[in-house]
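*Asks:* Next comes the structure file final.txt, holding compact mmCIF, C-alpha atoms and all ligand atoms.
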# COMPACT_ATOMS: atom_id res chain seq x y z
CA MET U 1 -41.27 1.60 3.87
CA ARG U 2 -40.65 2.73 0.29
CA LEU U 3 -41.74 6.28 1.18
CA LEU U 4 -39.43 6.32 4.14
CA LYS U 5 -36.61 5.09 1.98
CA SER U 6 -37.14 7.77 -0.67
CA ALA U 7 -37.40 10.51 1.99
CA HIS U 8 -34.15 9.27 3.42
CA ARG U 9 -32.62 9.28 -0.04
CA ILE U 10 -33.77 12.89 -0.74
CA SER U 11 -32.18 14.07 2.50
CA GLN U 12 -29.01 12.28 1.51
CA ILE U 13 -29.08 13.92 -1.92
CA SER U 14 -29.49 17.41 -0.49
CA ALA U 15 -26.75 16.75 2.06
CA THR U 16 -24.44 15.62 -0.70
CA VAL U 17 -25.35 18.53 -3.00
CA LEU U 18 -24.62 20.90 -0.11
CA ALA U 19 -21.34 19.13 0.56
CA MET U 20 -20.41 19.28 -3.12
CA SER U 21 -21.22 22.97 -3.47
CA SER U 22 -19.35 23.89 -0.32
CA THR U 23 -16.15 22.16 -1.45
CA ASN U 24 -14.03 22.97 -4.41
CA ARG U 25 -15.31 20.60 -7.09
CA SER U 26 -11.93 20.19 -8.69
CA ARG U 27 -10.52 18.95 -5.41
CA THR U 28 -12.68 15.86 -5.52
CA TYR U 29 -11.06 13.16 -7.58
CA ILE U 30 -11.03 9.41 -7.94
CA PHE U 31 -8.21 7.78 -5.99
CA ASP U 32 -7.14 4.34 -7.23
CA ALA U 33 -5.68 3.05 -3.97
CA HIS U 34 -4.12 -0.11 -5.40
CA ASN U 35 -3.01 -0.87 -8.94
CA HIS U 36 -0.15 -2.31 -10.99
CA VAL U 37 -0.34 -0.15 -14.09
CA HIS U 38 3.45 0.00 -14.38
CA LEU U 39 3.16 -3.49 -15.80
CA SER U 40 1.52 -3.44 -19.14
CA MET U 41 -0.37 -5.68 -21.42
CA GLY U 42 1.81 -7.88 -23.53
CA SER U 43 5.38 -6.70 -23.46
CA GLU U 44 5.10 -2.93 -23.57
CA VAL U 45 7.29 -2.56 -20.50
CA PRO U 46 9.00 -5.83 -19.69
CA SER U 47 10.34 -6.38 -16.20
CA LEU U 48 14.06 -5.95 -15.79
CA SER U 49 16.20 -9.02 -16.32
CA LYS U 50 18.24 -10.58 -13.53
CA GLU U 51 21.40 -8.94 -14.92
CA GLU U 52 19.73 -5.54 -15.09
CA ILE U 53 18.46 -5.74 -11.54
CA HIS U 54 21.99 -6.47 -10.37
CA GLN U 55 23.29 -3.49 -12.29
CA CYS U 56 20.59 -1.48 -10.67
CA CYS U 57 21.81 -2.44 -7.18
CA ILE U 58 25.12 -0.83 -8.09
CA ASP U 59 24.12 2.09 -10.26
CA GLU U 60 20.56 3.05 -11.13
CA SER U 61 21.68 4.99 -14.18
CA ASN U 62 22.66 1.67 -15.73
CA VAL U 63 19.09 0.56 -15.91
CA THR U 64 17.93 0.14 -19.45
CA ARG U 65 14.35 0.18 -20.76
CA MET U 66 13.69 3.45 -18.99
CA GLU U 67 12.68 4.98 -22.32
CA ASP U 68 10.00 2.27 -22.60
CA SER U 69 8.82 3.15 -19.10
CA LYS U 70 8.62 6.83 -19.99
CA GLN U 71 6.52 6.08 -23.05
CA HIS U 72 4.32 3.82 -20.94
CA ALA U 73 3.78 6.69 -18.47
CA ARG U 74 2.66 8.91 -21.35
CA ASN U 75 0.20 6.25 -22.52
CA ILE U 76 -1.28 5.95 -19.02
CA TYR U 77 -1.61 9.70 -18.71
CA GLN U 78 -3.27 10.12 -22.09
CA ASN U 79 -5.67 7.27 -21.43
CA TYR U 80 -6.73 8.66 -18.04
CA SER U 81 -7.01 12.13 -19.45
CA SER U 82 -9.26 11.11 -22.33
CA SER U 83 -11.46 8.89 -20.14
CA TYR U 84 -12.03 11.91 -17.86
CA GLN U 85 -12.94 14.12 -20.80
CA ASP U 86 -15.33 11.49 -22.19
CA GLY U 87 -17.12 10.75 -18.94
CA GLU U 88 -19.27 12.59 -16.46
CA TYR U 89 -17.13 11.53 -13.50
CA HIS U 90 -14.39 13.25 -11.58
CA PRO U 91 -10.88 12.72 -12.94
CA ILE U 92 -8.55 9.98 -11.72
CA GLY U 93 -6.51 12.32 -9.53
CA CYS U 94 -4.15 9.96 -7.78
CA ILE U 95 -3.00 6.36 -8.02
CA ALA U 96 -1.02 4.12 -5.68
CA MET U 97 1.24 1.96 -7.84
CA MET U 98 2.21 -1.33 -6.22
CA SER U 99 5.40 -3.12 -7.12
CA THR U 100 5.54 -6.87 -6.71
CA GLN U 101 9.30 -7.59 -6.74
CA PRO U 102 12.66 -5.76 -6.97
CA ARG U 103 12.59 -6.02 -10.77
CA ASP U 104 9.67 -3.57 -10.70
CA PHE U 105 11.21 -0.97 -8.38
CA PRO U 106 13.12 1.14 -10.94
CA ILE U 107 10.15 0.98 -13.31
CA VAL U 108 7.65 2.10 -10.66
CA GLN U 109 10.00 4.92 -9.71
CA THR U 110 10.55 6.06 -13.30
CA ILE U 111 6.87 5.93 -14.26
CA ALA U 112 5.85 7.76 -11.09
CA GLN U 113 8.42 10.50 -11.67
CA GLU U 114 7.49 10.76 -15.33
CA LEU U 115 3.78 11.03 -14.56
CA LYS U 116 4.44 13.70 -11.95
CA ALA U 117 6.51 15.73 -14.40
CA TYR U 118 3.98 15.17 -17.16
CA ASN U 119 1.19 16.41 -14.93
CA GLU U 120 3.08 19.51 -13.88
CA ASN U 121 3.53 20.48 -17.52
CA LYS U 122 -0.16 20.05 -18.31
CA GLU U 123 -1.80 22.98 -16.64
CA GLY U 124 -5.54 22.81 -16.44
CA ASP U 125 -5.92 19.07 -16.91
CA LEU U 126 -6.92 17.55 -13.61
CA THR U 127 -5.72 14.06 -14.50
CA LEU U 128 -3.38 12.75 -11.81
CA GLN U 129 -3.43 16.19 -10.17
CA LYS U 130 -2.29 14.57 -6.91
CA GLY U 131 0.37 12.44 -8.53
CA VAL U 132 1.43 8.85 -8.08
CA ILE U 133 2.18 7.07 -4.82
CA GLU U 134 5.19 4.80 -5.24
CA CYS U 135 4.83 1.54 -3.34
CA TYR U 136 7.70 -0.88 -2.90
CA GLY U 137 7.34 -4.42 -1.66
CA ILE U 138 7.63 -8.11 -2.46
CA HIS U 139 4.36 -9.85 -3.31
CA PRO U 140 4.09 -13.51 -2.19
CA TRP U 141 3.64 -14.61 -5.82
CA MET U 142 7.00 -13.07 -6.76
CA LEU U 143 8.87 -14.14 -3.68
CA GLN U 144 10.76 -16.99 -5.24
CA GLN U 145 11.81 -14.83 -8.16
CA ALA U 146 13.08 -12.17 -5.75
CA THR U 147 14.90 -14.78 -3.70
CA GLN U 148 16.60 -16.26 -6.79
CA ASP U 149 17.58 -12.81 -8.08
CA PHE U 150 19.50 -12.00 -4.93
CA ASP U 151 20.67 -15.47 -3.96
CA HIS U 152 24.14 -15.27 -5.52
CA LEU U 153 25.11 -12.23 -3.43
CA PRO U 154 27.44 -12.99 -0.51
CA ASP U 155 25.86 -13.03 2.96
CA ASP U 156 28.39 -10.67 4.53
CA ILE U 157 27.38 -7.61 2.51
CA PHE U 158 23.98 -7.60 4.20
CA GLU U 159 23.18 -5.97 7.50
CA GLY U 160 21.82 -8.52 9.94
CA LYS U 161 19.74 -11.49 8.90
CA GLY U 162 16.63 -11.82 6.80
CA PRO U 163 16.00 -12.05 3.05
CA LYS U 164 18.84 -10.76 0.89
CA TRP U 165 16.55 -8.39 -1.02
CA LEU U 166 15.68 -6.52 2.20
CA PRO U 167 18.41 -3.81 2.01
CA PHE U 168 17.41 -3.14 -1.61
CA LEU U 169 13.78 -2.58 -0.55
CA LYS U 170 14.91 -0.40 2.33
CA HIS U 171 17.05 1.66 -0.02
CA TYR U 172 14.07 2.41 -2.25
CA LEU U 173 11.82 3.31 0.67
CA ILE U 174 14.37 5.58 2.31
CA SER U 175 15.40 7.34 -0.89
CA ASN U 176 11.72 7.94 -1.74
CA PRO U 177 10.36 9.41 1.51
CA ALA U 178 6.80 9.74 0.21
CA SER U 179 6.64 6.07 -0.78
CA HIS U 180 4.81 3.30 1.06
CA VAL U 181 5.05 -0.48 1.37
CA GLY U 182 3.16 -2.70 -1.07
CA GLU U 183 2.18 -5.14 -2.19
CA ILE U 184 3.03 -7.65 0.50
CA GLY U 185 1.10 -10.52 2.06
CA LEU U 186 0.43 -14.23 2.39
CA ASP U 187 -1.19 -16.59 -0.10
CA SER U 188 -1.70 -20.32 0.35
CA ALA U 189 -3.61 -20.77 -2.90
CA ARG U 190 -0.72 -19.92 -5.18
CA TRP U 191 1.53 -22.55 -6.71
CA GLU U 192 4.27 -22.72 -9.27
CA MET U 193 4.92 -25.45 -11.81
CA ASP U 194 8.10 -27.44 -11.22
CA GLU U 195 9.70 -27.55 -14.67
CA GLU U 196 11.35 -30.92 -14.03
CA THR U 197 8.63 -32.90 -12.27
CA LYS U 198 5.73 -30.97 -13.86
CA GLU U 199 4.10 -30.88 -10.46
CA LYS U 200 2.33 -27.97 -8.82
CA VAL U 201 4.48 -26.68 -5.95
CA PRO U 202 3.09 -24.23 -3.42
CA ILE U 203 5.21 -21.22 -2.43
CA PRO U 204 6.72 -22.27 0.91
CA MET U 205 4.72 -20.67 3.73
CA ASP U 206 7.78 -20.22 5.98
CA LEU U 207 9.45 -18.16 3.23
CA GLN U 208 6.25 -16.10 2.80
CA ILE U 209 5.95 -15.47 6.53
CA GLU U 210 9.58 -14.41 6.83
CA ALA U 211 9.17 -11.96 3.94
CA PHE U 212 5.84 -10.60 5.20
CA GLU U 213 7.04 -10.00 8.76
CA ALA U 214 10.33 -8.42 7.61
CA GLN U 215 8.39 -5.97 5.45
CA MET U 216 5.90 -5.18 8.22
CA HIS U 217 8.82 -4.34 10.53
CA ILE U 218 10.36 -2.04 7.92
CA ALA U 219 7.02 -0.29 7.35
CA ALA U 220 6.53 0.22 11.10
CA ASP U 221 10.12 1.42 11.57
CA LEU U 222 9.87 3.90 8.69
CA LYS U 223 6.25 4.82 9.56
CA ARG U 224 4.93 3.90 6.12
CA SER U 225 1.51 2.49 5.25
CA VAL U 226 1.19 -1.07 3.95
CA SER U 227 -1.05 -2.66 1.34
CA ILE U 228 -1.72 -6.29 2.26
CA HIS U 229 -2.81 -9.23 0.12
CA THR U 230 -4.18 -12.30 1.91
CA VAL U 231 -5.66 -15.36 0.23
CA HIS U 232 -6.77 -18.46 2.11
CA CYS U 233 -4.47 -18.00 5.06
CA TRP U 234 -6.11 -15.71 7.58
CA GLY U 235 -4.95 -18.01 10.40
CA GLU U 236 -1.31 -17.61 9.34
CA LEU U 237 -1.83 -13.86 8.98
CA MET U 238 -3.28 -13.58 12.50
CA ASP U 239 -0.35 -15.60 13.90
CA SER U 240 2.07 -13.30 12.10
CA LEU U 241 0.36 -10.15 13.38
CA ASN U 242 0.43 -11.60 16.89
CA ARG U 243 4.17 -12.30 16.65
CA ILE U 244 4.85 -8.79 15.34
CA LYS U 245 2.73 -7.30 18.13
CA THR U 246 4.50 -9.27 20.88
CA GLU U 247 7.97 -8.56 19.54
CA ARG U 248 7.49 -4.84 18.97
CA THR U 249 5.55 -4.22 22.20
CA LYS U 250 8.48 -5.78 24.08
CA LEU U 251 10.96 -3.65 22.14
CA ARG U 252 8.94 -0.50 22.87
CA LYS U 253 8.87 -1.31 26.57
CA GLU U 254 12.65 -1.78 26.66
CA GLN U 255 13.20 1.44 24.75
CA ARG U 256 10.90 3.38 27.08
CA GLN U 257 12.80 2.04 30.05
CA LEU U 258 16.15 2.99 28.52
CA ARG U 259 14.85 6.48 27.66
CA LYS U 260 13.74 6.95 31.25
CA THR U 261 17.13 5.83 32.60
CA LEU U 262 19.04 8.08 30.21
CA LYS U 263 16.88 11.10 31.08
CA ARG U 264 17.49 10.46 34.77
CA GLN U 265 21.24 10.30 34.12
CA LEU U 266 21.09 13.64 32.29
CA GLY U 267 19.90 15.21 35.53
CA PHE U 268 22.97 14.44 37.59
CA GLU U 269 25.77 13.96 35.01
CA THR U 270 28.35 16.75 35.09
CA ASN U 271 30.99 15.47 32.69
CA LYS U 272 30.51 17.25 29.35
CA ASP U 273 31.63 14.28 27.20
CA GLU U 274 29.36 11.95 29.12
CA LEU U 275 26.44 14.40 28.74
CA ARG U 276 26.98 14.53 25.00
CA ASN U 277 27.10 10.75 24.90
CA ILE U 278 23.75 10.45 26.73
CA GLU U 279 22.15 13.03 24.46
CA LYS U 280 23.41 11.11 21.43
CA GLN U 281 21.92 7.89 22.77
CA LEU U 282 18.59 9.61 23.36
CA GLU U 283 18.63 11.00 19.85
CA GLU U 284 19.34 7.57 18.41
CA LEU U 285 16.43 6.11 20.35
CA GLY U 286 14.14 8.49 18.46
CA ASP U 287 10.36 8.42 18.74
CA ASP U 288 8.37 5.73 20.40
CA THR U 289 8.45 2.48 18.39
CA LEU U 290 5.22 1.75 16.53
CA VAL U 291 3.82 -1.74 17.07
CA PHE U 292 2.33 -1.80 13.57
CA PRO U 293 2.70 0.37 10.47
CA PRO U 294 0.62 3.55 10.94
CA CYS U 295 -1.90 2.44 8.37
CA MET U 296 -2.85 -1.06 7.22
CA TYR U 297 -4.90 -1.51 4.09
CA PHE U 298 -6.29 -4.95 3.26
CA HIS U 299 -6.74 -4.90 -0.48
CA ALA U 300 -9.19 -7.15 -2.43
CA PHE U 301 -10.45 -8.19 0.97
CA GLY U 302 -11.76 -11.75 0.86
CA GLY U 303 -12.47 -12.25 4.57
CA LYS U 304 -15.86 -12.71 6.22
CA THR U 305 -17.58 -10.11 8.43
CA ALA U 306 -16.27 -11.66 11.67
CA LEU U 307 -12.73 -11.21 10.43
CA VAL U 308 -13.14 -7.41 10.39
CA ASP U 309 -13.62 -7.48 14.18
CA GLN U 310 -10.68 -9.85 14.61
CA LEU U 311 -8.38 -7.60 12.58
CA ASP U 312 -9.53 -4.53 14.51
CA ALA U 313 -8.91 -6.31 17.80
CA ILE U 314 -5.46 -7.57 16.94
CA THR U 315 -4.26 -4.24 15.56
CA ARG U 316 -5.57 -2.25 18.53
CA ASP U 317 -2.68 -0.99 20.65
CA LYS U 318 -4.16 -1.28 24.14
CA ALA U 319 -1.16 0.23 25.92
CA SER U 320 -1.06 3.28 23.61
CA PRO U 321 -4.46 3.49 21.86
CA GLN U 322 -3.49 6.66 19.96
CA ALA U 323 -0.72 4.64 18.27
CA SER U 324 -3.15 2.01 16.90
CA PRO U 325 -2.96 1.81 13.11
CA ASP U 326 -5.82 3.01 10.93
CA VAL U 327 -7.21 -0.06 9.18
CA TYR U 328 -8.76 0.25 5.71
CA PHE U 329 -10.25 -2.21 3.23
CA GLY U 330 -10.64 -2.32 -0.53
CA PHE U 331 -12.50 -4.60 -2.91
CA ALA U 332 -11.42 -5.21 -6.47
CA PRO U 333 -14.13 -5.69 -9.13
CA VAL U 334 -12.07 -8.42 -10.81
CA ILE U 335 -11.83 -10.40 -7.57
CA ASN U 336 -14.62 -9.55 -5.15
CA PHE U 337 -17.73 -8.42 -7.00
CA THR U 338 -19.05 -11.85 -7.80
CA ALA U 339 -18.77 -13.09 -4.21
CA PRO U 340 -22.18 -13.00 -2.46
CA LYS U 341 -20.68 -11.95 0.89
CA THR U 342 -19.00 -8.76 -0.43
CA MET U 343 -21.94 -6.40 0.30
CA SER U 344 -22.42 -7.57 3.87
CA VAL U 345 -18.67 -7.33 4.54
CA MET U 346 -18.63 -3.80 3.08
CA LYS U 347 -21.55 -2.80 5.32
CA LYS U 348 -19.73 -4.18 8.34
CA ILE U 349 -16.63 -2.11 7.47
CA GLY U 350 -18.55 1.11 6.71
CA LEU U 351 -17.91 3.77 4.08
CA LYS U 352 -15.43 5.64 6.30
CA ARG U 353 -12.91 2.79 6.03
CA LEU U 354 -13.30 1.83 2.38
CA VAL U 355 -11.16 2.79 -0.57
CA ILE U 356 -11.63 2.08 -4.26
CA GLU U 357 -9.04 0.10 -6.15
CA SER U 358 -8.61 -1.36 -9.61
CA ASP U 359 -5.88 -3.94 -8.83
CA LEU U 360 -5.24 -3.87 -12.56
CA GLU U 361 -2.14 -4.07 -14.70
CA ASN U 362 -3.94 -2.97 -17.84
CA TYR U 363 -4.32 0.80 -17.55
CA LYS U 364 -6.94 0.79 -20.31
CA ARG U 365 -9.43 -0.96 -18.04
CA VAL U 366 -8.74 1.08 -14.91
CA SER U 367 -11.27 3.83 -15.49
CA HIS U 368 -14.05 1.29 -16.15
CA ASP U 369 -13.28 -0.77 -13.04
CA LEU U 370 -13.02 2.24 -10.76
CA ARG U 371 -16.47 3.31 -11.92
CA GLU U 372 -17.79 -0.18 -11.28
CA ASN U 373 -16.31 0.04 -7.81
CA VAL U 374 -17.98 3.40 -7.13
CA LYS U 375 -21.35 2.11 -8.40
CA PHE U 376 -21.13 -1.03 -6.30
CA ILE U 377 -20.34 0.88 -3.09
CA ALA U 378 -23.01 3.54 -3.76
CA ASN U 379 -25.55 0.76 -4.23
CA CYS U 380 -24.37 -1.02 -1.09
CA PHE U 381 -24.76 2.06 1.13
CA ASP U 382 -27.63 3.62 -0.82
CA VAL U 383 -25.75 6.89 -1.29
CA LEU U 384 -24.85 9.04 -4.28
CA GLU U 385 -21.82 8.05 -6.32
CA ASN U 386 -20.24 11.46 -5.71
CA GLU U 387 -20.39 10.79 -2.00
CA VAL U 388 -18.53 7.51 -2.51
CA ILE U 389 -15.86 9.22 -4.62
CA GLU U 390 -15.35 11.97 -2.06
CA GLN U 391 -15.26 9.73 1.00
CA THR U 392 -12.97 7.09 -0.54
CA MET U 393 -10.68 9.89 -1.74
CA MET U 394 -10.37 11.21 1.82
CA ASN U 395 -9.78 7.69 3.13
CA ALA U 396 -7.04 6.98 0.60
CA GLU U 397 -5.45 10.37 1.33
CA ASN U 398 -5.25 9.30 4.96
CA ILE U 399 -3.42 6.13 3.93
CA TYR U 400 -0.95 7.69 1.55
CA PHE U 401 -0.49 11.38 2.46
CA ARG U 402 0.68 10.98 6.03
ZN ZN H 501 -2.47 -6.18 -6.23
Rewrite the structure of this file - the entire thing - as structure tokens.

*Replies:*
Amino acid sequence: MRLLKSAHRISQISATVLAMSSTNRSRTYIFDAHNHVHLSMGSEVPSLSKEEIHQCCIDESNVTRMEDSKQHARNIYQNYSSSYQDGEYHPIGCIAMMSTQPRDFPIVQTIAQELKAYNENKEGDLTLQKGVIECYGIHPWMLQQATQDFDHLPDDIFEGKGPKWLPFLKHYLISNPASHVGEIGLDSARWEMDEETKEKVPIPMDLQIEAFEAQMHIAADLKRSVSIHTVHCWGELMDSLNRIKTERTKLRKEQRQLRKTLKRQLGFETNKDELRNIEKQLEELGDDTLVFPPCMYFHAFGGKTALVDQLDAITRDKASPQASPDVYFGFAPVINFTAPKTMSVMKKIGLKRLVIESDLENYKRVSHDLRENVKFIANCFDVLENEVIEQTMMNAENIYFR
């Protein structure tokens, strides 16, 4: 048994060595698929105040503290750069930075832009060679803050119904076409202290569900990937995914029918104005509606093995299988590595659908945790650490470089 295992291991090593030598070494990098390094330890980069976020809705140039954010970006870059030079690993080549509420959005944007510019000026250093993925979303923990921040705004300035922060989120996603949606989700274990009664109050689940579904619709409409947080409410999540699936499948059916009718009309319409009108309607209809965002990434996954099958089943688009989302999973050392089930869940998922993540705010610990993540996965699948780095990099590229 042991002999067999070592023979297997040697063949894996040679396969990996071959793979490494046949690819450009500098192309392989560590991809932190989920972090919050725009927030810092202590008060290096404080969140924007309520007044500042309102200014920001009107004019982004009014945002203050951007100088702090720029300095913070430099600190992150220098820290990543020196941890690459000190270690034997590949560099941290790309990070996906998750916001948690609108107060973060301008900071995420500024730090991402600053890091990109910083990298471009540093020829030869492979740190963050692939840049920063900006992610915009409202985390369930920050939902009440986001709601309060936008509550005073009059209803009639918003398009349609839904949370008042929604157009602000949409604005950030549309004006940053390479950005994705995160971090969003549902959490029934989180509570807030009521200052008056001193009682623990859970974040209302109906508010969480409304916010989650609204953000899933935006991500699917704009064809952006989503990073999802779920704690102790897989039942609610499944119900939500079911509702989204039913609603959007119905919408897609109606749109397909309308497209068919319009195309038929094009065939026999002779009036030029009418023809132009039909063509305009067809253009507005656009591509086929996606039922789910193109890629769904469950970060710090705390579900059991059976849940992987359930998530795969619910996200499968039976009517248009090619439009099914790619589903990925990540495990954060700070959250998952002490849970006994983590290895068996990872095995169930398989290396081809795993990414590595730090889920950290403190950039100084990121390098350490990403290495822990690589070691843990390599041990789980009995493969070389380089293989883990390369495969998780390709997986994360599929999520974020679409
Ligand atoms: Zn997170």

*Asks:* Using all atoms listed in the file, find each residue of chain U with at least one atom at most 7 Å away from an atom of ligand ZN 501 (chain H); report its shortest atom-to-atom pair and that distance in Å (one decimal), sort the rows by chain and rising residue number, and return the result as a Markdown table.

*Replies:*
| residue | atom | partner | partner_atom | distance |
| --- | --- | --- | --- | --- |
| U:His34 | CA | H:ZN501 | ZN | 6.3 |
| U:Asn35 | CA | H:ZN501 | ZN | 6.0 |
| U:His36 | CA | H:ZN501 | ZN | 6.6 |
| U:Met98 | CA | H:ZN501 | ZN | 6.7 |
| U:Glu183 | CA | H:ZN501 | ZN | 6.2 |
| U:Asp359 | CA | H:ZN501 | ZN | 4.8 |

*Asks:* Quick one: everything within 7 Å of U:Ser358, counting all atoms listed in the file, minus sequence neighbours fewer than 6 positions away in the same chain. Send it as an MDAnalysis selection string.

*Replies:* chainID U and resid 32 34:35 332 366 369:370

*Asks:* Counting only C-alpha atoms, what is within 10 Å of U:Met97, bar same-chain residues fewer than 6 positions away, as a PyMOL selection string?

*Replies:* chain U and resi 32-39+108-109+111-112+132-136+179-180+182-183+359-361

*Asks:* Using Å and a single decimal, report how far atom CA of U:Tyr297 sits from atom CA of U:His229.

*Replies:*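 Interatomic distance, atom CA of U:His229 to atom CA of U:Tyr297: 8.9 Å.
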
*Asks:* Excluding stretch 373-379 of chain U and its own-chain neighbours fewer than 5 positions away, which residues fall within 12 Å of it when counting all atoms listed in the file? Please give them as a ChimeraX atom specification.

*Replies:* /U:9,12,29-33,89-90,300,330-338,342-347,349-359,366-368,384-393

*Asks:* As an exercise, work out the distance from atom CA of U:Lys348 to atom CA of U:Lys304 in Å and give it to one decimal place.

*Replies:* 9.6 Å

*Asks:* Show me, as an MDAnalysis selection string, the residues that have an atom within 12 Å of U:Lys170 when counting only C-alpha atoms, minus same-chain residues fewer than 3 positions from it.

*Replies:* chainID U and resid 57 102 105 135:138 158:159 163:167 173:177 179:181 214:219 221:222 224

*Asks:* To one decimal in Å, tell me the separation between atom CA of U:Arg74 and atom CA of U:Tyr118.

*Replies:*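 Spanning atom CA of U:Arg74 to atom CA of U:Tyr118 is a straight-line distance of 7.6 Å.
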
*Asks:* Give as a ChimeraX atom specification the set of residues within 6 Å of the point (25.8, 12.0, 31.9), where distances use the file's coordinates and only C-alpha atoms.

*Replies:* /U:265-266,269,274-275,278

*Asks:* Restricting the calculation to all atoms listed in the file: of U:Gly286, U:Gly235, U:Gly267, U:Pro294, which residue gets closest to U:Leu307?

*Replies:*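 Checking each candidate against U:Leu307, we get U:Gly235 as the closest.
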
*Asks:* I'd like the box whose edges run along x, y and z of the file and which contains every listed atom of stretch 342-354 of chain U, padded by 3 Å per side; could you state its centre and edge lengths in Å, one decimal, as AutoDock Vina command-line options?

*Replies:*
--center_x -17.7 --center_y -1.6 --center_z 4.0 --size_x 15.5 --size_y 20.4 --size_z 14.8

*Asks:* Contacts of stretch 236-250 of chain U at 10 Å or less, counting all atoms listed in the file, minus same-chain residues fewer than 3 places along, as a PyMOL selection string?

*Replies:* chain U and resi 185-188+205+209-210+212-214+216-217+220+230-233+253-256+289-292+307+310-311+314-317+319

*Asks:* With C-alpha atoms retained, could you export that selection as a PDB file, in the coordinates of the input?

*Replies:*
ATOM      1  CA  GLY U 185       1.100 -10.520   2.060  1.00  0.00           C
ATOM      2  CA  LEU U 186       0.430 -14.230   2.390  1.00  0.00           C
ATOM      3  CA  ASP U 187      -1.190 -16.590  -0.100  1.00  0.00           C
ATOM      4  CA  SER U 188      -1.700 -20.320   0.350  1.00  0.00           C
ATOM      5  CA  MET U 205       4.720 -20.670   3.730  1.00  0.00           C
ATOM      6  CA  ILE U 209       5.950 -15.470   6.530  1.00  0.00           C
ATOM      7  CA  GLU U 210       9.580 -14.410   6.830  1.00  0.00           C
ATOM      8  CA  PHE U 212       5.840 -10.600   5.200  1.00  0.00           C
ATOM      9  CA  GLU U 213       7.040 -10.000   8.760  1.00  0.00           C
ATOM     10  CA  ALA U 214      10.330  -8.420   7.610  1.00  0.00           C
ATOM     11  CA  MET U 216       5.900  -5.180   8.220  1.00  0.00           C
ATOM     12  CA  HIS U 217       8.820  -4.340  10.530  1.00  0.00           C
ATOM     13  CA  ALA U 220       6.530   0.220  11.100  1.00  0.00           C
ATOM     14  CA  THR U 230      -4.180 -12.300   1.910  1.00  0.00           C
ATOM     15  CA  VAL U 231      -5.660 -15.360   0.230  1.00  0.00           C
ATOM     16  CA  HIS U 232      -6.770 -18.460   2.110  1.00  0.00           C
ATOM     17  CA  CYS U 233      -4.470 -18.000   5.060  1.00  0.00           C
ATOM     18  CA  LYS U 253       8.870  -1.310  26.570  1.00  0.00           C
ATOM     19  CA  GLU U 254      12.650  -1.780  26.660  1.00  0.00           C
ATOM     20  CA  GLN U 255      13.200   1.440  24.750  1.00  0.00           C
ATOM     21  CA  ARG U 256      10.900   3.380  27.080  1.00  0.00           C
ATOM     22  CA  THR U 289       8.450   2.480  18.390  1.00  0.00           C
ATOM     23  CA  LEU U 290       5.220   1.750  16.530  1.00  0.00           C
ATOM     24  CA  VAL U 291       3.820  -1.740  17.070  1.00  0.00           C
ATOM     25  CA  PHE U 292       2.330  -1.800  13.570  1.00  0.00           C
ATOM     26  CA  LEU U 307     -12.730 -11.210  10.430  1.00  0.00           C
ATOM     27  CA  GLN U 310     -10.680  -9.850  14.610  1.00  0.00           C
ATOM     28  CA  LEU U 311      -8.380  -7.600  12.580  1.00  0.00           C
ATOM     29  CA  ILE U 314      -5.460  -7.570  16.940  1.00  0.00           C
ATOM     30  CA  THR U 315      -4.260  -4.240  15.560  1.00  0.00           C
ATOM     31  CA  ARG U 316      -5.570  -2.250  18.530  1.00  0.00           C
ATOM     32  CA  ASP U 317      -2.680  -0.990  20.650  1.00  0.00           C
ATOM     33  CA  ALA U 319      -1.160   0.230  25.920  1.00  0.00           C
TER      34      ALA U 319
END
